[in-house]
Amino acid sequence: MSIRTRFMIWRPLATAAAATAALLATFLAPATAQAQERTAPRESQPVYSYGDAVREAVWVDTRLDGDGDGKTDRVAVDIVRPREPAQQGRKVPVIMDASPYYSCCGRGNESQLKTYDAQGNVVQMPLFYDNYFVPRGYAFVGVDLAGTNRSDGCVDVGGRSDIQSAKAVVDWLNGRATAYTSRTGTAKAKAGWTNGRTGMIGKSWDGTIANGVAATGVKGLKTIVPISAISTWYDYYFSKGAPLYDSGPDWLSDYVDSPDARARCAAVQQKLVDQAPRTGDRTPLWTERDYVKDARKVKASVFAIHGMQDLNVRLQHLGPWWDALAKNGVERKIWLSQTGHVDPFDFRRAAWVDTLHRWFDHELLGYDNGIDREPMADIERHPDQWVTSKTWPPRGTSATTLRPAQGSAPGVGTLGLTKAKGTETFTDPALSETDWAARIDSSTPDKAGFTTGTLTRDLRLSGSSKVTVTASPTTTTAHLSAVLVDLGPDTIRDYAAGGEGITTLTDRTCWGASTTGDSACFKQTKAKTTAVDYTVVSRGWADLGNYADPGKGVPLTPGKAYTITLDLGATDHVVPAGHRLALIVAGTDKDLIDPPSTKPTLTIDLSRTSARVPLVGGAAAFAHATKGAGTVVPEAAGALDGVRAPRTAHRVPEGG
């Protein structure tokens, strides 16, 4: 990965005024300058009344007619803002969460919904953002995506309607769009209470919308905080042609549509069916929903959070987006946890609230609180044990080519720096990565496994890997999986359990102010851990029929060799001394991709198969870590313990 950081400190002064202040500062006595430094604001304080906050709703005109009724769609915007600043003639910044889940499914670990009073103003706003930040001088805005809750239009799953639902609100907050005080009326609403500086936040689909809006380059959007977010919707449903789910975006749209939207959005539903074929071919529909290609337009800073074991919104969404942002000099920060699809509020609560507070203070209020000078990355190395990295991936990381070679038994090979000859063969009975890893040292017909000897030094992987495979199938269709595994005992978060690495407790902690209808107190959580003999570090998949074009598949010729590169999810993992690093190549990763229409046997050409792995220290680090490592002797029986097999694949990128 290429890394280029650009931290810009915004200060609430015009350029000329700032220059003047800087000039005057050179004439100040040191004591006076130090006194001014001590009085400079560094943290917003809860000085405003949450109970007296203004609660109102407006409907913003998106200038689209997604439901084809001859009228432009209006999206509902629920607002909670402190009353006092407006009374004092002061304007406030905005934190926004645009979501399809405010009425159908709920937000957060407790699946909270919006609730309303008799006048239609919001009483409960899900999550803690309004409780915590409104008293500190921010407005919070909850946007119902088009086709959901109280909004017009139709859900189009990350397309123009979804993105414009939120972009139009940013435009309205900056005086460039029209809003009304009701869904059908003509009375207009102005946003004179805000300075227009907006930060978007959200998990899963909500964070995806933040990515998409940022990729429009809309003015006024200063920062986004995408949590477990999608960066390109094709990669949510397919991986180089291999289907990840047994349904398409039409099912997801129907899942979140409001009841009246279902009745009026048949044409949009049919478009999602017709233009998103289950063949896995990349169509213009998917191009429209690819935000990575527009990363050059991003002007907002990005604070990304992702679970390294997220099997819903997988890590393939993070790596390309992060790389594209880096290439375009976007200010970035990142947290990587050991969890699955989990909000940081539920795996690192106190640190999360503090960090998010300082991030918004810096990005939206212009406070020089030092967060821009802190390490770029926080990484969970063990449950509740975090380390930092000045940049991510760290300097000195380079893609290192690792080569598989035959071992002393079929399917039990070695992994090193030297190119080898020979072949390995396996069938595709649709077993899971846990089946393969559990018997990595046994000769089984369903996978080809390659391991280093026992490492003599720690080896850190940081970033995205690629595995190139040359394989000859026996049938006209074939799917491939590649998995990197840390072989050795450890205690990790149990990401395969129901909580995906957390256990929800009954006691509560409070984060902000409460009202009768909106409590700031949420159930506590703790890490759910399990002892394992191995840990899957990263994985990737592909349809071999997409060998020539990642966006279009063709039938295979049995017996012919094809070469394809699988993109593995980004990660940051240390394989410690005493463990081994393994590469597994196999067919269908059960419950993570769907099987092909046939049951092929594949023969891998080892001389044309390799893994490009981002190692801190590169090839030299690998050579040092494997120096003196012994050869693995295949076992006749016995299996290693890991997490349970992946559950039936998720089909909903939600955060509840």
# chains A, B, ... in the order shown; residues from 1 in each chain; ligands from 1
>>> residues_around(residues="segment 446-457 of chain A", least_positions_apart="2", cutoff="8 Å", atoms="only C-alpha atoms", output="ChimeraX atom specification")
/A:404-405,410-416,424-429,431,436,440-441,444,459,576-587,624-632
>>> closest_atom_pairs(of="segment 344-457 of chain A", to="segment 297-313 of chain A", cutoff="9 Å", atoms="only C-alpha atoms", output="Markdown table")
| residue | atom | partner | partner_atom | distance |
| --- | --- | --- | --- | --- |
| A:Pro344 | CA | A:Ile305 | CA | 7.6 |
| A:Trp359 | CA | A:Phe303 | CA | 8.4 |
| A:Glu363 | CA | A:Ser301 | CA | 8.0 |
>>> write_last_selection(atoms="all heavy atoms", output="short mmCIF file (atom, residue, chain, number, x, y, z; two decimals), in the first residue's frame")
data_model
loop_
_atom_site.label_atom_id
_atom_site.label_comp_id
_atom_site.auth_asym_id
_atom_site.auth_seq_id
_atom_site.Cartn_x
_atom_site.Cartn_y
_atom_site.Cartn_z
N PRO A 344 -17.55 0.27 17.46
CA PRO A 344 -16.55 0.51 18.50
C PRO A 344 -17.16 0.91 19.84
O PRO A 344 -16.52 0.73 20.89
CB PRO A 344 -15.68 1.63 17.92
CG PRO A 344 -16.50 2.24 16.84
CD PRO A 344 -17.33 1.14 16.28
N TRP A 359 -11.95 13.98 17.77
CA TRP A 359 -11.92 14.04 16.30
C TRP A 359 -12.91 15.10 15.78
O TRP A 359 -12.55 15.95 14.96
CB TRP A 359 -12.26 12.68 15.71
CG TRP A 359 -12.23 12.65 14.21
CD1 TRP A 359 -13.28 12.72 13.35
CD2 TRP A 359 -11.06 12.54 13.38
NE1 TRP A 359 -12.87 12.67 12.05
CE2 TRP A 359 -11.51 12.56 12.03
CE3 TRP A 359 -9.70 12.43 13.64
CZ2 TRP A 359 -10.63 12.47 10.96
CZ3 TRP A 359 -8.82 12.33 12.55
CH2 TRP A 359 -9.29 12.36 11.24
N GLU A 363 -12.07 18.49 13.76
CA GLU A 363 -12.50 18.61 12.37
C GLU A 363 -13.64 19.61 12.18
O GLU A 363 -13.73 20.24 11.12
CB GLU A 363 -12.91 17.24 11.84
CG GLU A 363 -11.80 16.21 11.82
CD GLU A 363 -10.64 16.63 10.94
OE1 GLU A 363 -10.87 16.95 9.76
OE2 GLU A 363 -9.50 16.67 11.44
#
>>> atom_distance(atom1="atom CA of Met200 of chain A", atom2="atom CA of Gly329 of chain A")
19.5 Å
>>> atom_distance(atom1="atom CA of Thr470 of chain A", atom2="atom CA of Ser443 of chain A")
20.8 Å
>>> closest_residue(among="A:Arg183, A:Gly248, A:Thr72, A:Ile564", to="Asp274 of chain A", atoms="only C-alpha atoms")
A:Gly248
>>> residues_around(residues="segment 122-127 of chain A", least_positions_apart="4", cutoff="10 Å", atoms="only C-alpha atoms", output="VMD selection string")
chain A and resid 55 to 57 77 to 80 97 102 106 to 118 131 to 132 140 to 142 345 511 514 to 522
>>> write_last_selection(atoms="C-alpha atoms", output="short mmCIF file (atom, residue, chain, number, x, y, z; two decimals), in the first residue's frame")
data_model
loop_
_atom_site.label_atom_id
_atom_site.label_comp_id
_atom_site.auth_asym_id
_atom_site.auth_seq_id
_atom_site.Cartn_x
_atom_site.Cartn_y
_atom_site.Cartn_z
CA ARG A 55 -36.33 19.11 18.18
CA GLU A 56 -37.71 19.61 14.71
CA ALA A 57 -38.23 17.92 11.36
CA VAL A 77 -34.57 15.02 8.37
CA ASP A 78 -34.94 14.88 12.15
CA ILE A 79 -32.91 17.47 14.02
CA VAL A 80 -31.81 17.85 17.64
CA ASP A 97 -26.20 9.80 10.39
CA TYR A 102 -34.53 4.14 11.57
CA GLY A 106 -33.08 -0.23 14.44
CA ARG A 107 -29.61 1.06 15.18
CA GLY A 108 -26.93 -0.15 17.52
CA ASN A 109 -26.57 -3.14 19.80
CA GLU A 110 -30.07 -2.56 21.21
CA SER A 111 -31.76 -2.02 17.82
CA GLN A 112 -33.13 1.40 18.71
CA LEU A 113 -35.75 3.07 16.50
CA LYS A 114 -36.73 6.70 16.12
CA THR A 115 -39.80 7.62 18.14
CA TYR A 116 -41.94 10.75 17.77
CA ASP A 117 -44.27 12.97 19.75
CA ALA A 118 -47.77 14.02 18.70
CA ASN A 131 -27.17 12.82 23.95
CA TYR A 132 -23.43 13.39 24.06
CA PHE A 140 -27.35 16.05 15.41
CA VAL A 141 -29.24 15.20 12.22
CA GLY A 142 -30.81 11.81 11.48
CA PHE A 345 -19.06 1.76 21.09
CA TRP A 511 -22.81 8.80 27.77
CA SER A 514 -31.00 11.92 29.02
CA THR A 515 -34.64 12.87 28.70
CA THR A 516 -37.73 10.86 29.62
CA GLY A 517 -37.95 9.55 26.07
CA ASP A 518 -34.28 9.29 25.15
CA SER A 519 -31.86 7.68 27.57
CA ALA A 520 -28.12 8.13 27.23
CA CYS A 521 -27.54 4.86 29.10
CA PHE A 522 -26.64 1.74 27.14
#
>>> residues_around(residues="Thr423 of chain A", least_positions_apart="4", cutoff="8 Å", atoms="only C-alpha atoms", output="CSV table (one decimal) with N, CA and C atoms, in the first residue's frame")
chain,number,residue,atom,x,y,z
A,406,GLN,N,5.8,-28.3,-2.8
A,406,GLN,CA,5.4,-29.6,-2.4
A,406,GLN,C,6.1,-30.0,-1.1
A,603,THR,N,-6.3,-28.8,-10.3
A,603,THR,CA,-4.9,-29.0,-10.2
A,603,THR,C,-4.1,-27.7,-10.3
A,604,ILE,N,-3.3,-27.4,-9.2
A,604,ILE,CA,-2.6,-26.2,-9.1
A,604,ILE,C,-1.2,-26.3,-9.6
A,605,ASP,N,-0.7,-25.5,-10.5
A,605,ASP,CA,0.7,-25.4,-10.9
A,605,ASP,C,1.4,-24.6,-9.9
A,606,LEU,N,2.2,-25.2,-9.1
A,606,LEU,CA,2.9,-24.5,-8.0
A,606,LEU,C,4.0,-23.5,-8.6
>>> select_by_dssp(residues="segment 342-588 of chain A", states="alpha helix (DSSP H)", output="PDB file with C-alpha atoms, in the first residue's frame")
ATOM      1  CA  ARG A 349     -16.502   2.285  24.603  1.00  0.00           C
ATOM      2  CA  ALA A 350     -14.680   4.810  26.774  1.00  0.00           C
ATOM      3  CA  ALA A 351     -11.729   5.219  24.414  1.00  0.00           C
ATOM      4  CA  TRP A 352     -14.107   5.444  21.448  1.00  0.00           C
ATOM      5  CA  VAL A 353     -16.256   8.224  22.882  1.00  0.00           C
ATOM      6  CA  ASP A 354     -13.168  10.190  23.905  1.00  0.00           C
ATOM      7  CA  THR A 355     -11.480   9.762  20.517  1.00  0.00           C
ATOM      8  CA  LEU A 356     -14.601  10.553  18.524  1.00  0.00           C
ATOM      9  CA  HIS A 357     -15.164  13.641  20.675  1.00  0.00           C
ATOM     10  CA  ARG A 358     -11.659  14.919  19.995  1.00  0.00           C
ATOM     11  CA  TRP A 359     -11.925  14.041  16.297  1.00  0.00           C
ATOM     12  CA  PHE A 360     -15.123  16.068  15.830  1.00  0.00           C
ATOM     13  CA  ASP A 361     -13.767  18.910  17.961  1.00  0.00           C
ATOM     14  CA  HIS A 362     -10.738  19.064  15.688  1.00  0.00           C
ATOM     15  CA  GLU A 363     -12.499  18.615  12.372  1.00  0.00           C
ATOM     16  CA  LEU A 364     -15.724  20.574  12.986  1.00  0.00           C
ATOM     17  CA  GLU A 433     -11.959 -22.434   5.958  1.00  0.00           C
ATOM     18  CA  THR A 434     -12.167 -23.861   9.476  1.00  0.00           C
ATOM     19  CA  ASP A 435     -12.299 -27.403   8.049  1.00  0.00           C
ATOM     20  CA  TRP A 436      -9.203 -26.709   5.984  1.00  0.00           C
ATOM     21  CA  ALA A 437      -7.221 -25.000   8.733  1.00  0.00           C
ATOM     22  CA  ALA A 438      -8.083 -27.626  11.355  1.00  0.00           C
TER      23      ALA A 438
END
>>> closest_atom_pairs(of="segment 250-290 of chain A", to="segment 551-557 of chain A", cutoff="9 Å", atoms="only C-alpha atoms", output="Markdown table")
| residue | atom | partner | partner_atom | distance |
| --- | --- | --- | --- | --- |
| A:Thr279 | CA | A:Gly553 | CA | 7.6 |
| A:Gly280 | CA | A:Lys552 | CA | 7.0 |
| A:Asp281 | CA | A:Lys552 | CA | 4.5 |
| A:Arg282 | CA | A:Gly551 | CA | 4.5 |
| A:Thr283 | CA | A:Gly551 | CA | 7.9 |
>>> write_last_selection(atoms="C-alpha atoms", output="PDB file, in the first residue's frame")
ATOM      1  CA  THR A 279     -23.860 -14.233 -13.052  1.00  0.00           C
ATOM      2  CA  GLY A 280     -21.447 -11.965 -11.216  1.00  0.00           C
ATOM      3  CA  ASP A 281     -20.811  -9.788 -14.250  1.00  0.00           C
ATOM      4  CA  ARG A 282     -20.013  -6.171 -13.438  1.00  0.00           C
ATOM      5  CA  THR A 283     -22.683  -3.986 -15.034  1.00  0.00           C
TER       6      THR A 283
END
>>> closest_residue(among="A:Val157, A:Ala326, A:Val256, A:Val469", to="Lys271 of chain A", atoms="only C-alpha atoms")
A:Val157
>>> atom_distance(atom1="atom CA of Arg395 of chain A", atom2="atom CA of Val616 of chain A")
7.7 Å
>>> select_by_dssp(residues="segment 157-394 of chain A", states="strand (DSSP E)", output="ChimeraX atom specification")
/A:179-180,188-189,194-203,221-227,238-239,242-243,301-307,332-337,377-382,385-389
>>> residues_around(residues="Gln87 of chain A", least_positions_apart="2", cutoff="12 Å", atoms="only C-alpha atoms", output="list in words")
Tyr48, Ala53, Val54, Arg81, Pro82, Arg83, Glu84, Pro85, Gly89, Arg90, Lys91, Val92, Gly192 and Trp193 of chain A
>>> write_last_selection(atoms="N, CA, C and O atoms", output="mmCIF file, in the first residue's frame")
data_model
loop_
_atom_site.group_PDB
_atom_site.id
_atom_site.type_symbol
_atom_site.label_atom_id
_atom_site.label_comp_id
_atom_site.auth_asym_id
_atom_site.auth_seq_id
_atom_site.Cartn_x
_atom_site.Cartn_y
_atom_site.Cartn_z
ATOM 1 N N TYR A 48 -24.652 23.122 27.327
ATOM 2 C CA TYR A 48 -25.989 23.423 26.834
ATOM 3 C C TYR A 48 -26.988 22.381 27.327
ATOM 4 O O TYR A 48 -26.644 21.217 27.552
ATOM 5 N N ALA A 53 -33.282 21.274 24.273
ATOM 6 C CA ALA A 53 -32.819 21.306 22.883
ATOM 7 C C ALA A 53 -33.995 21.432 21.918
ATOM 8 O O ALA A 53 -35.104 20.952 22.175
ATOM 9 N N VAL A 54 -33.748 22.088 20.789
ATOM 10 C CA VAL A 54 -34.747 22.198 19.729
ATOM 11 C C VAL A 54 -34.847 20.855 19.019
ATOM 12 O O VAL A 54 -33.830 20.295 18.581
ATOM 13 N N ARG A 81 -30.894 20.032 18.250
ATOM 14 C CA ARG A 81 -29.822 21.032 18.308
ATOM 15 C C ARG A 81 -29.962 21.863 19.574
ATOM 16 O O ARG A 81 -31.066 22.064 20.086
ATOM 17 N N PRO A 82 -28.843 22.346 20.091
ATOM 18 C CA PRO A 82 -28.932 23.147 21.315
ATOM 19 C C PRO A 82 -29.659 24.464 21.053
ATOM 20 O O PRO A 82 -29.451 25.118 20.027
ATOM 21 N N ARG A 83 -30.499 24.872 21.984
ATOM 22 C CA ARG A 83 -31.293 26.078 21.809
ATOM 23 C C ARG A 83 -30.468 27.354 22.036
ATOM 24 O O ARG A 83 -30.638 28.371 21.353
ATOM 25 N N GLU A 84 -29.553 27.304 22.983
ATOM 26 C CA GLU A 84 -28.869 28.520 23.418
ATOM 27 C C GLU A 84 -28.009 29.191 22.341
ATOM 28 O O GLU A 84 -28.021 30.437 22.245
ATOM 29 N N PRO A 85 -27.237 28.461 21.525
ATOM 30 C CA PRO A 85 -26.396 29.159 20.543
ATOM 31 C C PRO A 85 -27.195 30.043 19.594
ATOM 32 O O PRO A 85 -26.774 31.172 19.295
ATOM 33 N N GLY A 89 -27.016 34.132 18.815
ATOM 34 C CA GLY A 89 -26.538 34.511 17.494
ATOM 35 C C GLY A 89 -25.348 33.713 17.016
ATOM 36 O O GLY A 89 -24.624 34.151 16.123
ATOM 37 N N ARG A 90 -25.143 32.539 17.599
ATOM 38 C CA ARG A 90 -24.029 31.679 17.221
ATOM 39 C C ARG A 90 -24.526 30.486 16.423
ATOM 40 O O ARG A 90 -25.622 29.973 16.665
ATOM 41 N N LYS A 91 -23.716 30.043 15.484
ATOM 42 C CA LYS A 91 -24.077 28.914 14.638
ATOM 43 C C LYS A 91 -23.255 27.685 15.024
ATOM 44 O O LYS A 91 -22.124 27.804 15.494
ATOM 45 N N VAL A 92 -23.835 26.513 14.796
ATOM 46 C CA VAL A 92 -23.211 25.277 15.263
ATOM 47 C C VAL A 92 -22.948 24.333 14.098
ATOM 48 O O VAL A 92 -23.636 24.379 13.074
ATOM 49 N N GLY A 192 -30.570 28.355 9.152
ATOM 50 C CA GLY A 192 -29.771 29.488 9.583
ATOM 51 C C GLY A 192 -29.036 29.285 10.886
ATOM 52 O O GLY A 192 -28.183 30.091 11.258
ATOM 53 N N TRP A 193 -29.333 28.191 11.570
ATOM 54 C CA TRP A 193 -28.720 27.914 12.869
ATOM 55 C C TRP A 193 -27.372 27.209 12.757
ATOM 56 O O TRP A 193 -26.681 27.011 13.755
#
